[in-house]
file input_13.txt (compact mmCIF, C-alpha atoms)
# COMPACT_ATOMS: atom_id res chain seq x y z
CA MET A 1 115.09 82.51 128.64
CA GLN A 2 112.20 81.46 126.42
CA LYS A 3 111.61 83.64 123.37
CA LEU A 4 108.33 85.49 122.85
CA LYS A 5 106.41 83.83 120.03
CA VAL A 6 105.02 86.40 117.61
CA ALA A 7 103.13 86.47 114.30
CA VAL A 8 102.34 89.30 111.89
CA ILE A 9 98.79 89.44 110.56
CA GLY A 10 98.76 91.10 107.15
CA VAL A 11 102.12 91.50 105.43
CA GLY A 12 101.46 94.26 102.93
CA HIS A 13 103.20 97.66 102.92
CA LEU A 14 103.38 97.95 106.75
CA GLY A 15 103.12 94.35 107.86
CA LYS A 16 106.15 93.18 105.89
CA GLU A 17 108.22 95.73 107.81
CA HIS A 18 106.87 94.39 111.10
CA ALA A 19 108.00 90.94 110.04
CA ARG A 20 111.46 92.25 109.16
CA VAL A 21 111.87 93.93 112.55
CA TYR A 22 110.60 90.98 114.57
CA ALA A 23 112.87 88.59 112.67
CA GLY A 24 115.86 90.60 113.86
CA THR A 25 114.71 91.33 117.42
CA PRO A 26 116.51 89.45 120.24
CA GLY A 27 114.15 87.49 122.45
CA VAL A 28 111.52 87.16 119.71
CA ASP A 29 110.63 84.07 117.67
CA LEU A 30 108.72 85.03 114.51
CA ILE A 31 106.47 81.97 114.30
CA GLY A 32 104.81 83.01 111.07
CA VAL A 33 103.20 85.62 108.83
CA VAL A 34 99.58 85.65 107.72
CA ASP A 35 98.07 87.03 104.53
CA LEU A 36 95.11 86.09 102.37
CA ARG A 37 97.41 86.45 99.36
CA GLN A 38 99.30 83.17 99.46
CA LYS A 39 102.22 84.32 97.29
CA GLN A 40 102.72 87.42 99.41
CA ALA A 41 102.68 85.42 102.66
CA GLU A 42 105.06 82.79 101.25
CA GLY A 43 107.46 85.41 99.88
CA ILE A 44 107.75 87.28 103.19
CA ALA A 45 107.96 84.02 105.16
CA LYS A 46 110.81 82.75 102.99
CA MET A 47 112.65 86.05 103.38
CA HIS A 48 112.64 85.69 107.18
CA ASN A 49 112.90 81.92 107.49
CA THR A 50 109.45 81.44 108.99
CA ARG A 51 106.07 79.93 108.06
CA ALA A 52 103.29 81.34 105.88
CA PHE A 53 99.64 81.05 106.90
CA MET A 54 96.52 81.92 104.94
CA HIS A 55 94.20 82.69 107.88
CA TYR A 56 94.87 84.46 111.16
CA ARG A 57 93.09 81.75 113.15
CA ASP A 58 95.82 79.34 112.09
CA VAL A 59 98.31 80.99 114.47
CA ILE A 60 96.02 80.98 117.52
CA GLY A 61 97.56 78.55 119.99
CA ARG A 62 101.00 78.99 118.43
CA VAL A 63 101.82 82.56 119.52
CA SER A 64 101.72 84.85 122.55
CA ALA A 65 101.58 88.13 120.62
CA VAL A 66 100.63 89.52 117.22
CA SER A 67 101.03 92.64 115.13
CA ILE A 68 97.87 93.39 113.18
CA ALA A 69 98.36 95.26 109.91
CA VAL A 70 95.25 94.26 107.95
CA PRO A 71 92.85 96.82 106.36
CA THR A 72 91.14 99.07 108.94
CA LYS A 73 87.70 97.54 108.41
CA SER A 74 89.03 94.22 109.76
CA HIS A 75 90.98 95.57 112.76
CA TYR A 76 88.22 95.12 115.31
CA ALA A 77 87.18 91.55 114.43
CA VAL A 78 90.74 90.25 114.13
CA ALA A 79 92.03 91.96 117.29
CA LYS A 80 89.02 90.87 119.31
CA GLU A 81 89.55 87.20 118.49
CA PHE A 82 93.23 87.30 119.45
CA LEU A 83 92.51 89.11 122.72
CA GLN A 84 89.75 86.66 123.58
CA ASN A 85 92.30 83.88 123.12
CA GLY A 86 94.75 85.48 125.55
CA ILE A 87 97.12 86.91 122.93
CA HIS A 88 98.78 90.34 123.26
CA VAL A 89 97.97 92.72 120.41
CA MET A 90 99.79 95.53 118.66
CA ILE A 91 97.35 97.04 116.16
CA GLU A 92 98.15 99.56 113.44
CA LYS A 93 96.32 102.89 113.32
CA PRO A 94 93.48 103.62 113.42
CA MET A 95 92.87 101.00 116.09
CA THR A 96 89.24 100.53 115.01
CA GLY A 97 86.62 102.37 113.00
CA THR A 98 84.45 103.35 115.96
CA VAL A 99 84.84 104.39 119.59
CA SER A 100 82.61 101.56 120.81
CA GLU A 101 84.76 98.95 119.05
CA ALA A 102 87.92 100.45 120.55
CA GLN A 103 86.37 100.46 124.02
CA GLU A 104 85.42 96.80 123.71
CA LEU A 105 88.99 95.85 122.78
CA ILE A 106 90.28 97.83 125.77
CA ASP A 107 87.83 96.12 128.11
CA ILE A 108 88.83 92.64 126.90
CA SER A 109 92.56 93.41 127.21
CA LYS A 110 92.08 94.76 130.76
CA SER A 111 89.98 91.81 131.88
CA LYS A 112 92.61 89.36 130.62
CA GLY A 113 95.70 91.34 131.65
CA LEU A 114 96.93 91.69 128.07
CA VAL A 115 98.96 94.39 126.35
CA LEU A 116 96.97 96.31 123.75
CA GLN A 117 99.20 98.81 121.92
CA ALA A 118 97.97 101.24 119.27
CA GLY A 119 100.30 101.73 116.31
CA TYR A 120 101.14 105.43 116.30
CA ILE A 121 104.71 105.26 115.09
CA GLU A 122 105.39 109.01 115.34
CA ARG A 123 105.40 108.72 119.14
CA PHE A 124 108.63 106.78 118.68
CA ASN A 125 110.18 109.20 116.19
CA PRO A 126 113.51 110.46 117.60
CA ALA A 127 112.49 114.06 116.83
CA ILE A 128 109.40 113.75 119.03
CA SER A 129 111.36 111.98 121.76
CA ALA A 130 113.92 114.80 121.72
CA PHE A 131 111.19 117.46 121.80
CA ARG A 132 109.64 115.92 124.91
CA LYS A 133 112.85 116.41 126.86
CA LEU A 134 112.56 120.18 126.36
CA ALA A 135 109.32 120.34 128.39
CA ILE A 136 107.97 123.17 126.20
CA LYS A 137 104.28 124.06 126.40
CA PRO A 138 103.14 125.17 122.94
CA LYS A 139 100.64 127.96 122.37
CA PHE A 140 100.22 127.24 118.67
CA ILE A 141 100.86 124.07 116.65
CA GLU A 142 100.92 123.71 112.89
CA CYS A 143 101.09 120.34 111.10
CA HIS A 144 101.39 119.35 107.45
CA ARG A 145 101.20 115.68 106.49
CA LEU A 146 101.09 115.26 102.72
CA SER A 147 101.61 112.26 100.45
CA PRO A 148 100.75 110.93 96.98
CA PHE A 149 97.69 108.69 96.72
CA THR A 150 98.86 105.12 97.37
CA PHE A 151 95.58 103.14 97.08
CA ARG A 152 96.65 101.20 100.19
CA SER A 153 94.02 102.69 102.52
CA ALA A 154 91.11 103.25 100.15
CA ASP A 155 88.67 102.00 102.82
CA ILE A 156 89.26 105.16 104.91
CA GLY A 157 89.72 108.86 104.19
CA VAL A 158 92.76 111.04 104.83
CA VAL A 159 91.67 111.92 108.39
CA LEU A 160 91.86 108.31 109.60
CA ASP A 161 94.67 107.45 107.19
CA LEU A 162 97.17 110.27 107.79
CA MET A 163 95.87 113.05 110.02
CA ILE A 164 95.22 110.71 112.91
CA HIS A 165 99.01 110.54 113.53
CA ASP A 166 99.08 114.28 114.19
CA ILE A 167 95.87 114.11 116.23
CA ASP A 168 97.49 111.56 118.53
CA ILE A 169 100.71 113.59 118.89
CA ILE A 170 98.84 116.85 119.55
CA LEU A 171 96.54 115.27 122.14
CA ASN A 172 99.56 113.83 123.90
CA ILE A 173 101.58 117.06 123.79
CA THR A 174 98.81 119.41 124.92
CA GLY A 175 97.25 117.14 127.54
CA SER A 176 94.14 119.31 127.29
CA GLN A 177 90.50 118.91 126.32
CA ILE A 178 89.36 120.14 122.91
CA LYS A 179 86.90 123.04 123.14
CA LYS A 180 86.15 123.55 119.47
CA ILE A 181 86.78 121.90 116.09
CA ASP A 182 86.50 123.65 112.72
CA ALA A 183 87.10 121.31 109.78
CA VAL A 184 86.84 121.19 106.00
CA GLY A 185 87.56 118.32 103.63
CA VAL A 186 87.39 117.60 99.91
CA ASN A 187 87.11 114.42 97.85
CA VAL A 188 89.52 114.38 94.91
CA ILE A 189 90.24 110.78 93.89
CA SER A 190 88.32 108.53 96.28
CA ASP A 191 84.76 108.65 97.60
CA LYS A 192 86.12 109.90 100.96
CA GLU A 193 87.96 113.07 101.90
CA ASP A 194 91.44 113.17 100.34
CA ILE A 195 92.38 116.63 101.64
CA ALA A 196 91.40 118.02 105.04
CA ASN A 197 92.22 121.01 107.20
CA VAL A 198 91.28 121.26 110.86
CA ARG A 199 91.60 123.94 113.51
CA PHE A 200 91.52 122.68 117.10
CA GLN A 201 91.03 125.00 120.06
CA PHE A 202 92.03 123.54 123.43
CA ALA A 203 90.85 124.38 126.93
CA ASN A 204 94.40 125.41 127.94
CA GLY A 205 94.45 128.09 125.20
CA CYS A 206 96.55 126.18 122.68
CA VAL A 207 95.44 126.26 119.04
CA ALA A 208 96.43 123.64 116.44
CA ASN A 209 96.06 123.97 112.68
CA VAL A 210 96.39 120.59 110.94
CA THR A 211 96.46 119.85 107.21
CA ALA A 212 96.52 116.38 105.66
CA SER A 213 96.50 115.43 101.99
CA ARG A 214 97.00 112.20 100.09
CA VAL A 215 96.93 113.83 96.65
CA SER A 216 100.21 115.72 96.95
CA LEU A 217 103.05 115.23 94.47
CA THR A 218 105.69 115.71 97.17
CA PRO A 219 105.57 113.92 100.55
CA MET A 220 105.81 116.11 103.65
CA ARG A 221 105.57 115.34 107.37
CA LYS A 222 106.27 118.46 109.39
CA MET A 223 105.20 120.00 112.66
CA ARG A 224 105.87 123.48 114.01
CA LEU A 225 105.32 124.41 117.65
CA PHE A 226 105.32 127.93 119.02
CA SER A 227 105.67 128.80 122.72
CA GLU A 228 106.21 132.10 124.55
CA ASP A 229 109.97 132.14 124.03
CA SER A 230 110.72 129.59 121.33
CA TYR A 231 109.71 128.04 118.03
CA ILE A 232 110.41 124.40 117.15
CA SER A 233 110.38 122.94 113.66
CA ILE A 234 110.16 119.13 113.35
CA ASP A 235 110.67 117.19 110.13
CA TYR A 236 109.55 113.58 110.70
CA GLN A 237 110.96 112.33 107.42
CA LYS A 238 114.43 113.72 108.04
CA LYS A 239 114.22 112.90 111.77
CA GLU A 240 115.40 116.46 112.35
CA ALA A 241 114.32 119.20 114.76
CA LEU A 242 115.41 122.83 115.07
CA ILE A 243 114.75 125.18 117.96
CA TYR A 244 114.61 128.95 117.52
CA LYS A 245 114.93 130.83 120.84
CA LYS A 246 115.02 134.51 121.73
CA SER A 247 118.57 135.64 122.38
CA PRO A 248 118.96 136.81 126.01
CA GLU A 249 121.55 139.38 124.90
CA LEU A 250 119.36 141.20 122.43
CA THR A 251 115.63 141.99 122.49
CA LEU A 252 113.40 144.46 120.69
CA ASN A 253 113.22 146.54 123.86
CA ALA A 254 116.99 146.71 124.09
CA LEU A 255 117.18 147.94 120.49
CA ASN A 256 114.94 150.92 121.33
CA ILE A 257 113.58 150.97 117.78
CA ALA A 258 111.01 153.62 118.69
CA GLY A 259 113.80 156.19 119.14
CA MET A 260 115.52 155.48 115.83
CA ASP A 261 115.03 157.31 112.53
CA VAL A 262 113.88 155.51 109.39
CA SER A 263 117.35 155.10 107.89
CA SER A 264 118.71 153.52 111.08
CA ILE A 265 115.85 151.03 111.19
CA ALA A 266 116.51 150.12 107.55
CA ASP A 267 120.15 149.42 108.39
CA LEU A 268 119.04 146.90 111.02
CA LYS A 269 117.37 144.64 108.45
CA SER A 270 120.57 142.84 107.54
CA TYR A 271 121.32 141.51 111.00
CA VAL A 272 118.61 142.03 113.60
CA PHE A 273 116.58 138.88 112.88
CA GLY A 274 119.58 136.58 113.23
CA ASP A 275 120.68 138.34 116.40
CA LEU A 276 117.25 138.12 117.98
CA LEU A 277 117.04 134.36 117.47
CA LYS A 278 119.40 131.57 118.42
CA ILE A 279 118.94 128.61 116.07
CA GLU A 280 120.11 125.19 117.21
CA HIS A 281 119.70 121.60 116.11
CA ILE A 282 117.95 119.59 118.80
CA LYS A 283 120.15 116.64 119.73
CA MET A 284 118.51 113.27 119.22
CA ASP A 285 119.31 109.60 119.00
CA ASP A 286 119.46 107.95 115.59
CA TYR A 287 117.21 104.89 115.38
CA GLU A 288 114.39 103.39 113.32
CA PRO A 289 111.01 104.38 114.85
CA LEU A 290 109.31 101.09 113.90
CA LYS A 291 112.08 99.09 115.55
CA LYS A 292 111.74 101.17 118.72
CA GLU A 293 107.94 100.80 118.61
CA LEU A 294 107.96 97.00 118.33
CA GLU A 295 110.77 96.61 120.87
CA SER A 296 108.64 98.64 123.27
CA PHE A 297 105.66 96.35 122.61
CA VAL A 298 107.76 93.27 123.37
CA GLN A 299 109.23 94.88 126.48
CA CYS A 300 105.77 95.76 127.81
CA ILE A 301 104.69 92.13 127.44
CA VAL A 302 107.81 90.72 129.12
CA GLU A 303 107.84 93.28 131.94
CA HIS A 304 104.05 93.54 132.36
CA LYS A 305 104.08 97.28 131.66
CA GLU A 306 101.54 99.68 130.18
CA PRO A 307 102.46 100.58 126.58
CA LEU A 308 103.59 104.09 125.66
CA VAL A 309 100.65 104.26 123.23
CA SER A 310 97.84 102.48 125.04
CA GLY A 311 94.46 101.32 123.83
CA GLU A 312 92.99 104.37 125.57
CA ASP A 313 95.26 106.60 123.46
CA GLY A 314 94.03 104.82 120.36
CA LEU A 315 90.43 105.38 121.43
CA LYS A 316 90.96 109.12 122.07
CA ALA A 317 92.47 109.63 118.61
CA ILE A 318 89.56 107.78 116.97
CA GLU A 319 87.02 109.84 118.93
CA VAL A 320 88.61 113.13 117.84
CA ALA A 321 89.04 111.92 114.24
CA ASN A 322 85.37 110.94 114.07
CA ASN A 323 84.38 114.38 115.42
CA VAL A 324 86.52 115.93 112.68
CA LEU A 325 84.68 113.84 110.07
CA LEU A 326 81.33 114.99 111.46
CA GLU A 327 82.44 118.63 111.14
CA ILE A 328 83.60 118.03 107.57
CA GLU A 329 80.26 116.46 106.70
CA LYS A 330 78.36 119.31 108.35
CA ASN A 331 80.32 121.95 106.44
CA LEU A 332 79.84 120.12 103.15
CA LYS A 333 76.07 120.06 103.70
CA SER A 334 76.01 123.77 104.50
CA VAL A 335 77.87 124.53 101.24
CA GLN A 336 75.52 122.34 99.20
CA THR A 337 72.42 124.05 100.63
call {"tool": "encode", "arguments": {"input": "input_13.txt", "output": "structure tokens"}}
result
Amino acid sequence: MQKLKVAVIGVGHLGKEHARVYAGTPGVDLIGVVDLRQKQAEGIAKMHNTRAFMHYRDVIGRVSAVSIAVPTKSHYAVAKEFLQNGIHVMIEKPMTGTVSEAQELIDISKSKGLVLQAGYIERFNPAISAFRKLAIKPKFIECHRLSPFTFRSADIGVVLDLMIHDIDIILNITGSQIKKIDAVGVNVISDKEDIANVRFQFANGCVANVTASRVSLTPMRKMRLFSEDSYISIDYQKKEALIYKKSPELTLNALNIAGMDVSSIADLKSYVFGDLLKIEHIKMDDYEPLKKELESFVQCIVEHKEPLVSGEDGLKAIEVANNVLLEIEKNLKSVQT
């Protein structure tokens, strides 16, 4: 069986990892890596026994698929040219800077029968995959995504840089339309928002409170989901998830607290909380999310399948992120006046 010929466009912090994964993926031939920085391209190419190219157009005609990991401002132009040349595209988040650009890429991919996959790696995190199997419908979601400032994504703010991961996950989990967005953001280091907090209200009644910062000393990537009978805590970094469920043997009604005197209630403090809740680790597979993400991209090409994170998903996340940015701007203006 002929191997799928692939190239990685942009081999910086993320792209070099794409190259590593492709180089070790069965059924894939890493034809080359592309980067404007010649030494960087040559170094990564040598590491994986492939060729280095200075311009992305140099691999057109040589490959059937590409991963695009260039700065966000170049996503649209680079992806468009590959799609127009009949090449499947996996493009890192955010897919484009605007909704109209994303829609155009979707239209081209559909017209040519190509796979267009948006790079939201958390969809492939084993903790999220395990959570999905529980079929829990959350009423409240809380997310914290914090990191130090890396200077890698200075062309975009924290909403498009970090928060967009949680926006994509929340949209996918809730499957509901957003009714209202309240958002605030602050510039600290860059000329764009470096810290942001957003409250989403959904048509199905779910509420999500999302915080993102790229000026934190300690990295954090956590999500908490609350439903009628359970609470789930997900740590993306640790690839760990815990579920807290009401114990069927013991409830507040069964305790009849209303009929107890003060001293009896005080005695309950030492054990009631643990008895009311059953805490369990959610079982999950142990794998590298990026490897799973790129294997899925390759599989969709080979089997002519729709990707788990489609171009339409990428567009939805961009649309919501842009609405968040508009709310942040509006609130900043109201404070200034």
call {"tool": "closest_atom_pairs", "arguments": {"input": "input_13.txt", "of": "region 96-139 of chain A", "to": "region 188-209 of chain A", "cutoff": "9 Å", "atoms": "all atoms listed in the file", "output": "tab-separated table"}}
result
residue	atom	partner	partner_atom	distance
A:Lys137	CA	A:Cys206	CA	8.8
A:Pro138	CA	A:Cys206	CA	6.7
A:Lys139	CA	A:Cys206	CA	4.5
call {"tool": "closest_residue", "arguments": {"input": "input_13.txt", "among": "A:Val215, A:Ala118, A:Met54, A:Ala65", "to": "Gln40 (chain A)", "atoms": "all atoms listed in the file"}}
result
A:Met54
call {"tool": "closest_residue", "arguments": {"input": "input_13.txt", "among": "A:Gly311, A:Gly97, A:Pro26, A:Gly15", "to": "Asp161 (chain A)", "atoms": "all atoms listed in the file"}}
result
A:Gly97
call {"tool": "closest_residue", "arguments": {"input": "input_13.txt", "among": "A:Glu101, A:Glu295, A:Asp235, A:Asp229", "to": "His144 (chain A)", "atoms": "only C-alpha atoms"}}
result
A:Asp235
call {"tool": "residues_around", "arguments": {"input": "input_13.txt", "residues": "Glu288 (chain A)", "least_positions_apart": "5", "cutoff": "12 Å", "atoms": "all atoms listed in the file", "output": "number ranges by chain"}}
result
A: 17-18, 21, 121-127, 236-239, 293-295
call {"tool": "atom_distance", "arguments": {"input": "input_13.txt", "atom1": "CA of Gly86 (chain A)", "atom2": "CA of Arg20 (chain A)"}}
result
24.4 Å
call {"tool": "atom_distance", "arguments": {"input": "input_13.txt", "atom1": "CA of Ala102 (chain A)", "atom2": "CA of Gly314 (chain A)"}}
result
7.5 Å
